[in-house]
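Colleague: File follows, query10.txt with compact mmCIF, C-alpha atoms:
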# COMPACT_ATOMS: atom_id res chain seq x y z
CA MET A 1 18.29 71.83 -70.68
CA SER A 2 20.19 69.72 -68.14
CA GLN A 3 21.46 66.23 -68.81
CA PHE A 4 18.87 64.87 -66.38
CA ALA A 5 16.02 66.47 -68.34
CA LEU A 6 17.40 65.03 -71.61
CA ALA A 7 17.69 61.60 -69.99
CA ALA A 8 14.09 61.87 -68.79
CA GLU A 9 12.84 62.70 -72.29
CA GLU A 10 14.82 59.84 -73.80
CA ALA A 11 13.45 57.33 -71.26
CA THR A 12 9.89 58.58 -71.89
CA ARG A 13 10.35 58.16 -75.64
CA LYS A 14 11.66 54.60 -75.25
CA ALA A 15 8.81 53.71 -72.89
CA ALA A 16 6.27 54.95 -75.45
CA ALA A 17 7.93 52.84 -78.14
CA LYS A 18 7.78 49.74 -75.93
CA ARG A 19 4.09 50.28 -75.23
CA ALA A 20 3.35 50.82 -78.91
CA GLU A 21 5.00 47.51 -79.76
CA ALA A 22 3.05 45.78 -76.98
CA ASN A 23 -0.24 47.28 -78.22
CA ALA A 24 0.52 46.05 -81.71
CA LEU A 25 0.93 42.53 -80.38
CA ALA A 26 -2.30 42.78 -78.37
CA ASP A 27 -4.28 43.87 -81.47
CA LYS A 28 -3.16 40.84 -83.43
CA ASP A 29 -6.00 38.65 -84.68
CA GLY A 30 -6.29 35.11 -83.39
CA GLY A 31 -4.74 35.66 -79.97
CA LEU A 32 -1.12 35.45 -78.86
CA SER A 33 1.17 32.47 -78.92
CA LYS A 34 3.16 31.49 -75.81
CA GLU A 35 6.26 33.27 -77.14
CA GLU A 36 4.26 36.37 -78.09
CA ALA A 37 2.61 36.51 -74.68
CA ALA A 38 6.04 36.38 -73.03
CA ARG A 39 7.24 39.14 -75.35
CA PHE A 40 4.16 41.22 -74.45
CA ASP A 41 4.87 40.92 -70.71
CA ALA A 42 8.54 41.77 -71.23
CA LEU A 43 7.67 44.91 -73.22
CA LEU A 44 5.31 46.16 -70.50
CA ALA A 45 7.93 45.48 -67.81
CA ASP A 46 10.55 47.40 -69.80
CA ALA A 47 8.12 50.30 -70.27
CA GLU A 48 7.43 50.50 -66.53
CA ALA A 49 11.17 50.46 -65.74
CA LEU A 50 11.74 53.26 -68.26
CA ASP A 51 8.89 55.26 -66.69
CA ALA A 52 10.55 54.98 -63.29
CA GLU A 53 13.88 56.06 -64.78
CA ALA A 54 12.22 59.03 -66.45
CA SER A 55 10.51 60.09 -63.22
CA GLU A 56 13.75 59.93 -61.29
CA ASN A 57 15.70 61.95 -63.87
CA GLN A 58 12.89 64.51 -64.14
CA ALA A 59 12.94 64.94 -60.34
CA ARG A 60 16.69 65.53 -60.48
CA ALA A 61 16.26 68.03 -63.29
CA ASP A 62 13.58 69.89 -61.33
CA ARG A 63 15.79 70.10 -58.28
CA LEU A 64 18.70 71.45 -60.33
CA ARG A 65 16.45 74.02 -61.96
CA GLN A 66 15.00 75.16 -58.64
CA ASN A 67 18.45 75.41 -57.07
CA GLY A 68 19.73 77.39 -60.03
CA GLU A 69 16.82 79.85 -59.87
CA ALA A 70 17.26 80.26 -56.13
CA LEU A 71 20.99 80.88 -56.48
CA ALA A 72 20.54 83.31 -59.39
CA GLY A 73 18.11 85.43 -57.43
CA TYR A 74 19.94 85.14 -54.17
CA SER A 75 21.67 88.23 -52.93
CA ARG A 76 24.24 87.25 -50.36
CA PRO A 77 23.54 89.22 -47.17
CA ARG A 78 26.32 91.25 -45.76
CA PRO A 79 27.52 90.13 -42.35
CA ARG A 80 25.96 92.21 -39.63
CA LYS A 81 28.59 93.99 -37.61
CA ALA A 82 28.19 94.65 -33.93
CA PRO A 83 30.38 97.04 -32.02
CA ASP A 84 33.15 95.59 -29.91
CA PRO A 85 34.00 97.21 -26.56
CA GLN A 86 37.61 97.42 -27.71
CA GLY A 87 36.63 99.22 -30.88
CA GLU A 88 36.96 96.26 -33.28
CA PRO A 89 33.89 95.19 -35.29
CA LEU A 90 32.43 91.76 -34.61
CA VAL A 91 31.14 89.67 -37.51
CA VAL A 92 27.98 87.76 -36.65
CA ARG A 93 27.59 84.62 -38.78
CA GLU A 94 24.45 82.80 -39.75
CA GLY A 95 23.60 79.81 -37.59
CA TRP A 96 24.62 77.23 -40.18
CA ARG A 97 28.15 78.67 -40.25
CA GLU A 98 28.63 77.47 -36.70
CA ASP A 99 27.47 73.97 -37.69
CA PRO A 100 30.47 71.54 -37.89
CA ARG A 101 28.90 70.26 -41.12
CA CYS A 102 28.42 73.79 -42.42
CA GLY A 103 24.74 73.27 -43.18
CA PHE A 104 25.17 70.10 -45.24
CA LYS A 105 22.87 67.29 -44.15
CA THR A 106 24.94 64.39 -45.50
CA PRO A 107 28.31 63.88 -47.23
CA ARG A 108 26.36 63.24 -50.44
CA ASP A 109 24.81 66.72 -50.29
CA PHE A 110 28.24 68.29 -49.87
CA LEU A 111 29.83 66.33 -52.74
CA LEU A 112 26.93 67.10 -55.12
CA LYS A 113 27.37 70.83 -54.49
CA VAL A 114 31.09 70.54 -55.17
CA ILE A 115 30.41 68.68 -58.45
CA GLU A 116 27.81 71.24 -59.54
CA ALA A 117 29.96 74.24 -58.57
CA PRO A 118 31.86 74.65 -61.93
CA LYS A 119 28.55 74.79 -63.88
CA ALA A 120 26.49 76.85 -61.43
CA ARG A 121 25.83 80.53 -62.12
CA ARG A 122 26.48 81.33 -58.50
CA LEU A 123 28.51 79.38 -56.00
CA ASP A 124 26.57 77.89 -53.11
CA ASP A 125 26.96 80.23 -50.17
CA ARG A 126 28.02 77.36 -47.94
CA LEU A 127 30.85 76.51 -50.34
CA GLN A 128 31.91 80.17 -50.41
CA PHE A 129 32.14 80.01 -46.65
CA LEU A 130 34.41 76.97 -46.99
CA ALA A 131 36.41 78.37 -49.92
CA ALA A 132 39.85 79.75 -49.31
CA ALA A 133 40.69 83.39 -49.72
CA GLY A 134 44.05 85.07 -49.65
CA SER A 135 47.25 84.83 -51.66
CA ASP A 136 47.93 83.83 -55.26
CA GLU A 137 47.90 80.08 -54.78
CA GLN A 138 45.82 77.35 -53.20
CA GLY A 139 47.35 74.41 -51.40
CA ALA A 140 46.59 71.67 -48.91
CA TYR A 141 49.61 72.75 -46.89
CA SER A 142 47.66 75.72 -45.52
CA ASP A 143 44.22 75.34 -43.98
CA PRO A 144 42.96 78.82 -44.94
CA HIS A 145 44.01 78.26 -48.57
CA GLY A 146 42.67 74.74 -49.19
CA ASN A 147 39.86 75.65 -51.62
CA PHE A 148 36.76 73.67 -50.67
CA LEU A 149 37.63 72.41 -47.23
CA VAL A 150 35.77 69.25 -46.30
CA PRO A 151 33.53 69.97 -43.28
CA VAL A 152 34.21 68.00 -40.10
CA GLY A 153 31.81 65.37 -38.80
CA PHE A 154 31.52 63.05 -41.81
CA SER A 155 33.93 60.25 -40.88
CA PRO A 156 32.37 56.90 -41.90
CA THR A 157 34.36 55.05 -39.26
CA LEU A 158 32.83 54.39 -35.86
CA MET A 159 35.48 54.00 -33.18
CA THR A 160 34.77 51.04 -30.89
CA THR A 161 36.43 48.92 -28.22
CA PRO A 162 35.39 45.40 -29.24
CA THR A 163 35.32 42.49 -26.86
CA GLU A 164 38.35 40.23 -26.63
CA ALA A 165 38.55 37.23 -28.95
CA ASP A 166 36.77 34.14 -27.66
CA PRO A 167 39.50 31.52 -27.00
CA VAL A 168 36.88 28.78 -26.58
CA ALA A 169 35.14 29.37 -29.92
CA GLY A 170 35.48 26.34 -32.17
CA ARG A 171 36.74 24.08 -29.36
CA THR A 172 33.36 22.95 -28.00
CA THR A 173 31.42 20.04 -29.48
CA SER A 174 28.56 21.23 -31.68
CA ILE A 175 25.42 19.14 -31.42
CA PRO A 176 22.65 19.13 -34.07
CA MET A 177 19.31 20.26 -32.67
CA THR A 178 16.10 19.79 -34.66
CA SER A 179 13.67 20.54 -31.80
CA PRO A 180 13.74 22.81 -28.74
CA VAL A 181 14.42 19.84 -26.41
CA VAL A 182 16.79 17.01 -27.33
CA GLU A 183 18.03 14.05 -25.31
CA TRP A 184 21.15 11.99 -25.99
CA PRO A 185 22.05 8.66 -24.45
CA ALA A 186 25.31 8.49 -22.53
CA ARG A 187 27.18 5.60 -20.97
CA VAL A 188 27.64 5.72 -17.20
CA ASP A 189 31.36 5.08 -17.11
CA LYS A 190 32.90 7.59 -14.68
CA ASP A 191 34.21 4.92 -12.27
CA HIS A 192 37.00 2.85 -13.77
CA ARG A 193 37.87 0.88 -10.66
CA THR A 194 35.89 -2.18 -11.78
CA THR A 195 34.81 -1.39 -15.34
CA VAL A 196 35.79 1.18 -17.97
CA SER A 197 32.80 0.57 -20.26
CA GLY A 198 29.88 1.40 -18.02
CA GLY A 199 29.39 -2.06 -16.45
CA LEU A 200 30.80 -4.65 -18.82
CA THR A 201 33.48 -6.94 -17.39
CA VAL A 202 35.71 -9.64 -18.78
CA THR A 203 37.22 -12.58 -16.86
CA ARG A 204 39.39 -15.53 -17.67
CA LYS A 205 37.83 -18.92 -17.16
CA ALA A 206 38.55 -22.57 -17.39
CA GLU A 207 37.26 -24.58 -20.31
CA THR A 208 34.14 -25.95 -18.63
CA VAL A 209 33.34 -23.05 -16.30
CA ALA A 210 30.43 -20.77 -17.21
CA ALA A 211 31.30 -17.15 -17.99
CA ALA A 212 29.85 -14.42 -15.81
CA ALA A 213 27.40 -12.08 -17.54
CA SER A 214 27.59 -8.29 -17.26
CA ARG A 215 25.64 -5.37 -18.58
CA GLN A 216 26.14 -1.69 -19.29
CA LYS A 217 24.44 1.22 -17.59
CA TYR A 218 23.20 4.32 -19.40
CA GLU A 219 21.89 7.78 -18.62
CA LYS A 220 20.24 10.57 -20.58
CA ILE A 221 21.70 13.96 -21.34
CA ARG A 222 18.94 16.49 -21.81
CA MET A 223 19.37 19.89 -23.42
CA ALA A 224 16.60 22.47 -23.71
CA VAL A 225 17.13 25.74 -25.55
CA ASP A 226 16.56 29.14 -23.98
CA ASP A 227 16.07 32.47 -25.75
CA LEU A 228 18.80 35.08 -25.60
CA PHE A 229 17.24 38.45 -26.48
CA GLY A 230 18.37 41.97 -27.25
CA VAL A 231 16.07 44.96 -27.88
CA ALA A 232 16.90 48.52 -28.93
CA ILE A 233 14.78 51.51 -29.92
CA ALA A 234 15.80 54.26 -32.35
CA THR A 235 13.98 57.35 -33.57
CA GLU A 236 13.03 57.55 -37.21
CA ARG A 237 14.97 60.80 -37.42
CA ILE A 238 18.32 59.25 -36.52
CA LEU A 239 17.62 56.32 -38.85
CA ALA A 240 17.03 58.76 -41.72
CA ASP A 241 19.72 61.33 -40.92
CA SER A 242 22.70 59.28 -39.75
CA PRO A 243 25.40 58.96 -42.48
CA ILE A 244 26.18 55.53 -41.01
CA SER A 245 23.40 52.93 -41.13
CA PHE A 246 22.11 52.93 -37.58
CA ALA A 247 20.39 49.57 -38.03
CA ALA A 248 23.73 48.05 -39.10
CA LEU A 249 25.39 49.52 -36.02
CA LEU A 250 22.78 47.88 -33.80
CA GLU A 251 23.14 44.54 -35.56
CA ALA A 252 26.94 44.55 -35.19
CA GLY A 253 26.70 45.65 -31.57
CA PHE A 254 24.25 42.91 -30.62
CA ALA A 255 26.39 40.30 -32.40
CA GLU A 256 29.23 41.24 -30.05
CA GLU A 257 26.90 41.15 -27.06
CA PHE A 258 25.65 37.68 -27.95
CA ALA A 259 29.19 36.34 -28.33
CA ALA A 260 30.28 37.90 -25.03
CA ARG A 261 27.24 36.55 -23.19
CA VAL A 262 27.77 33.03 -24.52
CA LEU A 263 31.41 33.04 -23.39
CA PHE A 264 30.36 34.32 -19.95
CA GLU A 265 27.73 31.58 -19.60
CA ARG A 266 30.17 28.85 -20.64
CA LEU A 267 32.15 29.78 -17.53
CA TYR A 268 29.57 30.99 -15.00
CA GLY A 269 26.10 29.97 -16.24
CA SER A 270 23.72 28.49 -13.66
CA GLY A 271 22.01 26.06 -16.04
CA VAL A 272 18.61 27.58 -15.21
CA GLY A 273 17.33 29.53 -18.21
CA GLU A 274 20.90 29.76 -19.55
CA TYR A 275 24.01 27.66 -20.27
CA LEU A 276 25.50 25.54 -17.50
CA GLY A 277 28.96 26.97 -16.90
CA ILE A 278 31.93 24.76 -16.08
CA LEU A 279 32.49 26.51 -12.73
CA GLU A 280 28.97 25.41 -11.68
CA SER A 281 29.22 21.95 -13.21
CA PRO A 282 29.17 18.82 -10.97
CA CYS A 283 32.20 17.48 -12.82
CA LEU A 284 34.45 20.45 -11.94
CA VAL A 285 37.60 19.65 -9.94
CA SER A 286 38.75 22.47 -7.61
CA ILE A 287 42.38 22.60 -6.56
CA THR A 288 43.29 23.91 -3.12
CA ARG A 289 45.41 27.02 -3.60
CA ALA A 290 48.95 26.74 -2.26
CA GLY A 291 49.26 30.39 -1.21
CA ALA A 292 47.08 33.32 -0.32
CA GLY A 293 45.85 34.87 -3.54
CA ALA A 294 48.89 34.37 -5.77
CA ILE A 295 49.20 31.45 -8.18
CA ALA A 296 52.26 29.28 -7.58
CA GLY A 297 53.94 26.61 -9.64
CA ALA A 298 52.50 23.99 -7.29
CA ASP A 299 48.96 25.07 -8.21
CA ILE A 300 49.68 24.63 -11.90
CA LEU A 301 51.17 21.17 -11.37
CA LYS A 302 48.15 20.07 -9.30
CA ALA A 303 45.75 21.27 -11.97
CA ARG A 304 47.75 19.41 -14.62
CA ARG A 305 47.64 16.24 -12.53
CA ARG A 306 43.83 16.33 -12.23
CA CYS A 307 43.06 17.12 -15.88
CA TRP A 308 41.57 14.43 -18.10
CA ARG A 309 43.33 14.30 -21.51
CA TYR A 310 45.60 17.23 -20.85
CA GLY A 311 46.96 17.12 -24.41
CA GLU A 312 43.65 18.56 -25.66
CA ALA A 313 43.19 21.22 -22.96
CA ILE A 314 43.86 24.96 -22.85
CA TRP A 315 44.36 27.39 -19.96
CA LEU A 316 42.24 30.50 -19.41
CA ALA A 317 43.64 33.16 -17.09
CA ASN A 318 42.79 36.69 -15.99
CA HIS A 319 45.20 39.44 -17.01
CA ASP A 320 45.88 39.98 -13.28
CA THR A 321 47.68 36.65 -13.12
CA TYR A 322 50.29 37.32 -15.80
CA GLU A 323 53.18 38.07 -13.45
CA ASP A 324 52.38 35.06 -11.27
CA LEU A 325 52.30 32.73 -14.26
CA ALA A 326 55.44 34.24 -15.75
CA LYS A 327 57.30 33.55 -12.48
CA ALA A 328 55.82 30.10 -11.84
CA HIS A 329 58.55 27.44 -11.75
CA ILE A 330 59.68 24.08 -10.43
CA SER A 331 62.66 24.26 -8.10
CA GLY A 332 65.42 21.78 -8.86
CA THR A 333 68.99 21.04 -7.80
CA ASN A 334 70.30 22.01 -11.23
CA GLY A 335 68.25 25.22 -11.47
CA ASP A 336 64.62 26.24 -11.65
CA VAL A 337 62.40 25.13 -14.52
CA PHE A 338 59.93 27.82 -15.52
CA LEU A 339 56.47 26.63 -16.52
CA PHE A 340 55.53 29.67 -18.61
CA ASN A 341 56.81 30.18 -22.14
CA PRO A 342 55.91 33.59 -23.65
CA ALA A 343 54.62 33.93 -27.21
CA ARG A 344 57.30 33.83 -29.88
CA GLY A 345 55.40 35.12 -32.87
CA GLU A 346 52.00 36.09 -34.18
CA ASP A 347 50.82 32.49 -34.56
CA VAL A 348 52.56 31.10 -31.47
CA PRO A 349 50.53 31.76 -28.31
CA ASP A 350 51.75 31.96 -24.74
CA MET A 351 52.28 28.46 -23.37
CA LEU A 352 51.87 27.17 -19.83
CA LEU A 353 53.26 23.74 -19.06
CA GLY A 354 53.20 22.85 -22.74
CA ARG A 355 49.60 23.96 -23.48
CA PRO A 356 48.27 27.31 -24.81
CA VAL A 357 47.24 29.89 -22.21
CA PHE A 358 44.86 32.71 -23.13
CA PHE A 359 44.52 35.81 -20.98
CA THR A 360 40.93 37.03 -20.97
CA GLU A 361 38.85 39.56 -19.09
CA TYR A 362 36.21 36.88 -18.53
CA ALA A 363 38.33 34.87 -16.10
CA GLU A 364 37.95 35.87 -12.44
CA THR A 365 40.37 38.32 -10.83
CA LYS A 366 43.47 36.92 -9.13
CA GLY A 367 42.84 35.12 -5.86
CA THR A 368 39.29 34.08 -6.83
CA LYS A 369 38.04 30.71 -8.03
CA GLY A 370 38.24 30.90 -11.80
CA ASP A 371 41.32 33.13 -12.10
CA LEU A 372 43.08 30.17 -13.75
CA ILE A 373 40.99 27.51 -15.52
CA LEU A 374 42.18 24.39 -17.28
CA GLY A 375 39.65 22.93 -19.69
CA ASN A 376 39.28 20.28 -22.35
CA TRP A 377 36.42 22.00 -24.16
CA SER A 378 35.67 19.05 -26.45
CA GLN A 379 33.63 17.73 -23.49
CA TYR A 380 31.37 20.79 -23.54
CA LEU A 381 28.24 20.40 -25.66
CA GLU A 382 26.82 23.39 -27.48
CA ALA A 383 23.62 23.30 -29.53
CA THR A 384 21.88 25.98 -31.59
CA TYR A 385 18.25 25.48 -32.47
CA GLN A 386 17.78 28.90 -34.08
CA THR A 387 20.66 31.07 -35.24
CA GLU A 388 20.70 34.81 -34.69
CA GLN A 389 17.45 36.36 -35.89
CA ARG A 390 16.42 39.98 -36.37
CA ALA A 391 13.09 41.77 -36.62
CA GLU A 392 11.93 45.37 -36.47
CA SER A 393 8.61 47.13 -35.99
CA ILE A 394 7.33 50.66 -36.56
CA HIS A 395 4.07 49.90 -34.75
CA VAL A 396 5.19 49.39 -31.14
CA ARG A 397 6.23 53.05 -30.74
CA PHE A 398 4.35 54.47 -33.71
CA LEU A 399 3.11 57.63 -32.01
CA GLU A 400 6.60 58.36 -30.67
CA HIS A 401 7.92 58.08 -34.25
CA GLU A 402 10.35 55.41 -33.15
CA ARG A 403 11.31 51.98 -34.43
CA VAL A 404 11.94 48.91 -32.27
CA PHE A 405 14.65 46.42 -33.20
CA LYS A 406 14.91 43.00 -31.61
CA PHE A 407 17.57 40.33 -31.99
CA TRP A 408 17.50 36.82 -30.59
CA ILE A 409 19.12 33.42 -30.67
CA ARG A 410 17.93 30.07 -29.24
CA ASN A 411 20.69 27.82 -27.98
CA ALA A 412 21.90 25.64 -25.11
CA GLY A 413 25.22 24.53 -23.69
CA ALA A 414 26.62 22.40 -20.84
CA PRO A 415 29.40 19.92 -20.00
CA TRP A 416 27.99 16.45 -20.56
CA TRP A 417 29.90 14.90 -17.65
CA SER A 418 27.66 14.42 -14.60
CA ALA A 419 30.61 13.64 -12.31
CA ALA A 420 34.39 13.55 -12.26
CA LEU A 421 36.12 10.33 -13.31
CA THR A 422 37.46 7.91 -10.69
CA PRO A 423 40.51 6.29 -12.34
CA LYS A 424 41.46 2.64 -12.23
CA LYS A 425 44.35 3.47 -9.95
CA GLY A 426 45.12 6.72 -8.17
CA ALA A 427 43.86 8.66 -5.20
CA ASP A 428 42.40 11.64 -7.03
CA THR A 429 39.57 12.02 -9.55
CA LEU A 430 40.09 13.40 -13.06
CA SER A 431 38.00 15.91 -14.98
CA PRO A 432 38.11 17.83 -18.28
CA PHE A 433 37.59 21.03 -16.24
CA VAL A 434 39.86 22.09 -13.39
CA ALA A 435 40.01 25.38 -11.47
CA ILE A 436 41.98 26.69 -8.52
CA ALA A 437 39.79 27.39 -5.51
CA ALA A 438 39.71 30.79 -3.77
Let me see the structure of the file written as structure tokens.
Modeller:
Amino acid sequence: MSQFALAAEEATRKAAAKRAEANALADKDGGLSKEEAARFDALLADAEALDAEASENQARADRLRQNGEALAGYSRPRPRKAPDPQGEPLVVREGWREDPRCGFKTPRDFLLKVIEAPKARRLDDRLQFLAAAGSDEQGAYSDPHGNFLVPVGFSPTLMTTPTEADPVAGRTTSIPMTSPVVEWPARVDKDHRTTVSGGLTVTRKAETVAAAASRQKYEKIRMAVDDLFGVAIATERILADSPISFAALLEAGFAEEFAARVLFERLYGSGVGEYLGILESPCLVSITRAGAGAIAGADILKARRRCWRYGEAIWLANHDTYEDLAKAHISGTNGDVFLFNPARGEDVPDMLLGRPVFFTEYAETKGTKGDLILGNWSQYLEATYQTEQRAESIHVRFLEHERVFKFWIRNAGAPWWSAALTPKKGADTLSPFVAIAA
């Protein structure tokens, strides 16, 4: 009798004992106390758990017995030989021998057969096909003599090319959102020529002269969430047969897609049914490019001059621009001053004019508006009303024996500035977001 059969009998015996104790409590005169009723429920729950354990072990024992009977009565067929035109016999193998998994459905099936091999009356034919044959020793140094060679095709690692890291993540201002549409008050203070507080003024006056009154002006910032959706369909067969959880693969893949889409919309979104991107924002400042296509040191200096609170900003640049930025400099009588400072360690990023620069595939190609962007992302509002959700259904494609997975998130994002800032003094406006025009 196998160990599984013994375990099944033992679990059945314990379950019977639990039920007998519960029946004894139930037959007690006068009813059960609160503690006895709890004990009664616990005994029945234990008995049911033991029944499930017994059923599982009995099923394992039955499978072992059936496999053993099949192997004992199995006469291994001799390979059929077909004549070769050159006179050498050809060995025709069964179809499963050409399978890269050698007939094993999952890695678990293969490992169970290897574990059972020392106790089995007859070695599984698939393992015999994998077993080495030849000299007086076995060793991993020689493929034909490696004993049970692990079949190919069971690697648990899925090779992927993930999206680049999001350099903006964590730099935007997160806004709490308790309803799908939220409005925030904002002070209208983007013209500092007469007032820096949205309309209030102060004046000096003589002792008996009345002071002039002033008042502030306000506006509303409105954010409404939109749904970002992803849908995928998978057959029930691949969900059951894949050694890697296919549902987990879909979930991880859509998480990357959501992150990539959000980064794209922060830059290019139209604001209609999606984020408002900074390149479409009314507060964006566009710098006239000094040359044709290439980025020069003069472009970088102009962008720096127009940036509001430069000490909090970062640069985003396309990979195409690396050589241009590396060569960007200020010409001087005592030698050129280069504006680019390459990374000097794992935690020290590339620097451009004293601020971090991140090269990303999401910036536009060189010579196009958006190939080099300077942004103070604290002025970009980002709100999430519903975090990433997941649902699945077997009913939508029931007859096709397929399952539908859907993933979604409800969020909104936009710069809150409605216009660039006119400074107290100076000819040019300032903005938290600056780009070089095409």
Colleague: For atom CA of A:Ser197 and atom CA of A:Gly426, quote the distance in Å rounded to one decimal.
Modeller: 18.3 Å
Colleague: Show which residues sit within 10 Å of stretch 334-338 of chain A, as a VMD selection string. Count only C-alpha atoms, and ignore same-chain residues fewer than 3 positions away.
Modeller: chain A and resid 297 325 to 331 341 352 to 353
Colleague: Sorted by chain and rising residue number, which residues of stretch 341-431 of chain A lie within 12 Å of stretch 230-242 of chain A, and what are their closest atom pairs and distances in Å to one decimal, counting all atoms listed in the file, as JSON lines?
Modeller:
{"residue": "A:Glu388", "atom": "CA", "partner": "A:Gly230", "partner_atom": "CA", "distance": 10.6}
{"residue": "A:Gln389", "atom": "CA", "partner": "A:Gly230", "partner_atom": "CA", "distance": 10.3}
{"residue": "A:Arg390", "atom": "CA", "partner": "A:Gly230", "partner_atom": "CA", "distance": 9.5}
{"residue": "A:Ala391", "atom": "CA", "partner": "A:Val231", "partner_atom": "CA", "distance": 9.8}
{"residue": "A:Glu392", "atom": "CA", "partner": "A:Ile233", "partner_atom": "CA", "distance": 9.4}
{"residue": "A:Ser393", "atom": "CA", "partner": "A:Ile233", "partner_atom": "CA", "distance": 9.7}
{"residue": "A:Ile394", "atom": "CA", "partner": "A:Glu236", "partner_atom": "CA", "distance": 9.0}
{"residue": "A:His395", "atom": "CA", "partner": "A:Ile233", "partner_atom": "CA", "distance": 11.9}
{"residue": "A:Val396", "atom": "CA", "partner": "A:Ile233", "partner_atom": "CA", "distance": 9.9}
{"residue": "A:Arg397", "atom": "CA", "partner": "A:Ile233", "partner_atom": "CA", "distance": 8.7}
{"residue": "A:Phe398", "atom": "CA", "partner": "A:Glu236", "partner_atom": "CA", "distance": 9.9}
{"residue": "A:Leu399", "atom": "CA", "partner": "A:Thr235", "partner_atom": "CA", "distance": 11.0}
{"residue": "A:Glu400", "atom": "CA", "partner": "A:Thr235", "partner_atom": "CA", "distance": 8.0}
{"residue": "A:His401", "atom": "CA", "partner": "A:Glu236", "partner_atom": "CA", "distance": 5.9}
{"residue": "A:Glu402", "atom": "CA", "partner": "A:Thr235", "partner_atom": "CA", "distance": 4.1}
{"residue": "A:Arg403", "atom": "CA", "partner": "A:Ala234", "partner_atom": "CA", "distance": 5.4}
{"residue": "A:Val404", "atom": "CA", "partner": "A:Ile233", "partner_atom": "CA", "distance": 4.5}
{"residue": "A:Phe405", "atom": "CA", "partner": "A:Ala232", "partner_atom": "CA", "distance": 5.3}
{"residue": "A:Lys406", "atom": "CA", "partner": "A:Val231", "partner_atom": "CA", "distance": 4.4}
{"residue": "A:Phe407", "atom": "CA", "partner": "A:Gly230", "partner_atom": "CA", "distance": 5.1}
{"residue": "A:Trp408", "atom": "CA", "partner": "A:Gly230", "partner_atom": "CA", "distance": 6.2}
{"residue": "A:Ile409", "atom": "CA", "partner": "A:Gly230", "partner_atom": "CA", "distance": 9.2}
Colleague: Take the residues from that selection and put them in a file with C-alpha atoms, as a short mmCIF file (atom, residue, chain, number, x, y, z; two decimals), keeping the file's coordinate frame.
Modeller:
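This is the output file part.cif:
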data_model
loop_
_atom_site.label_atom_id
_atom_site.label_comp_id
_atom_site.auth_asym_id
_atom_site.auth_seq_id
_atom_site.Cartn_x
_atom_site.Cartn_y
_atom_site.Cartn_z
CA GLU A 388 20.70 34.81 -34.69
CA GLN A 389 17.45 36.36 -35.89
CA ARG A 390 16.42 39.98 -36.37
CA ALA A 391 13.09 41.77 -36.62
CA GLU A 392 11.93 45.37 -36.47
CA SER A 393 8.61 47.13 -35.99
CA ILE A 394 7.33 50.66 -36.56
CA HIS A 395 4.07 49.90 -34.75
CA VAL A 396 5.19 49.39 -31.14
CA ARG A 397 6.23 53.05 -30.74
CA PHE A 398 4.35 54.47 -33.71
CA LEU A 399 3.11 57.63 -32.01
CA GLU A 400 6.60 58.36 -30.67
CA HIS A 401 7.92 58.08 -34.25
CA GLU A 402 10.35 55.41 -33.15
CA ARG A 403 11.31 51.98 -34.43
CA VAL A 404 11.94 48.91 -32.27
CA PHE A 405 14.65 46.42 -33.20
CA LYS A 406 14.91 43.00 -31.61
CA PHE A 407 17.57 40.33 -31.99
CA TRP A 408 17.50 36.82 -30.59
CA ILE A 409 19.12 33.42 -30.67
#
Colleague: Distance cut-off 7 Å, centre (43.8, 40.8, -11.1) in file coordinates, counting all atoms listed in the file: which residues qualify? Return them as a list in words.
Modeller: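 Protein, DNA and RNA residues close to (43.8, 40.8, -11.1): Asn318, His319, Asp320, Thr321, Thr365 and Lys366 of chain A.
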Colleague: Pick from A:Ala45, A:Thr106, A:Val434, A:Thr194: nearest to A:Ile244, with all atoms listed in the file counted?
Modeller: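 Closest candidate: A:Thr106.
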Colleague: Which residue, A:Arg222, A:Glu382, A:Arg126, A:Lys217, has the smallest gap to A:Asp191 when you use only C-alpha atoms?
Modeller: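 Ranking A:Arg222, A:Glu382, A:Arg126, A:Lys217 by distance to A:Asp191, first place goes to A:Lys217.
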Colleague: So, counting all atoms listed in the file, which residue among A:Ala42, A:Ala303, A:Leu381, A:Ala296 is closest to A:Glu323?
Modeller: A:Ala296
Colleague: Closest to A:Arg261 among A:Trp377, A:Ala117, A:Phe110, A:Asn411, using all atoms listed in the file?
Modeller: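 For A:Arg261, the nearest of the given residues is A:Asn411.
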Colleague: Tell me which protein, DNA and RNA residues are within 9 Å of A:Ala22, counting all atoms listed in the file, leaving out same-chain ones fewer than 4 positions away, and put them as JSON, numbers by chain.
Modeller: {"A": [17, 18, 26, 27, 39, 40, 41, 42, 43, 44]}
Colleague: Which value, in Å to one decimal, gives the distance between atom CA of A:Val196 and atom CA of A:Arg215?
Modeller: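 Interatomic distance, atom CA of A:Val196 to atom CA of A:Arg215: 12.1 Å.
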Colleague: I need the residue nearest A:Gly375 from this list: A:Thr333, A:Thr208, A:Ser431, A:Ser33. Use all atoms listed in the file for the distance.
Modeller: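 The closest residue to A:Gly375 is A:Ser431.
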Colleague: Excluding A:Asp371 and any residue of its chain fewer than 3 positions from it, enumerate the residues within 12 Å of it, using all atoms listed in the file, and give them as an NGL selection string.
Modeller: :A and (267 or 279 or 286-287 or 289 or 293-295 or 299-300 or 315-322 or 324-325 or 358-368 or 374 or 434-438)
Colleague: Can you sort out the box for stretch 284-301 of chain A, edges along x, y and z, all listed atoms in, 8 Å on every side, with centre and edge lengths in Å to one decimal, as AutoDock Vina command-line options?
Modeller:
--center_x 44.2 --center_y 27.3 --center_z -6.1 --size_x 35.5 --size_y 31.2 --size_z 27.6
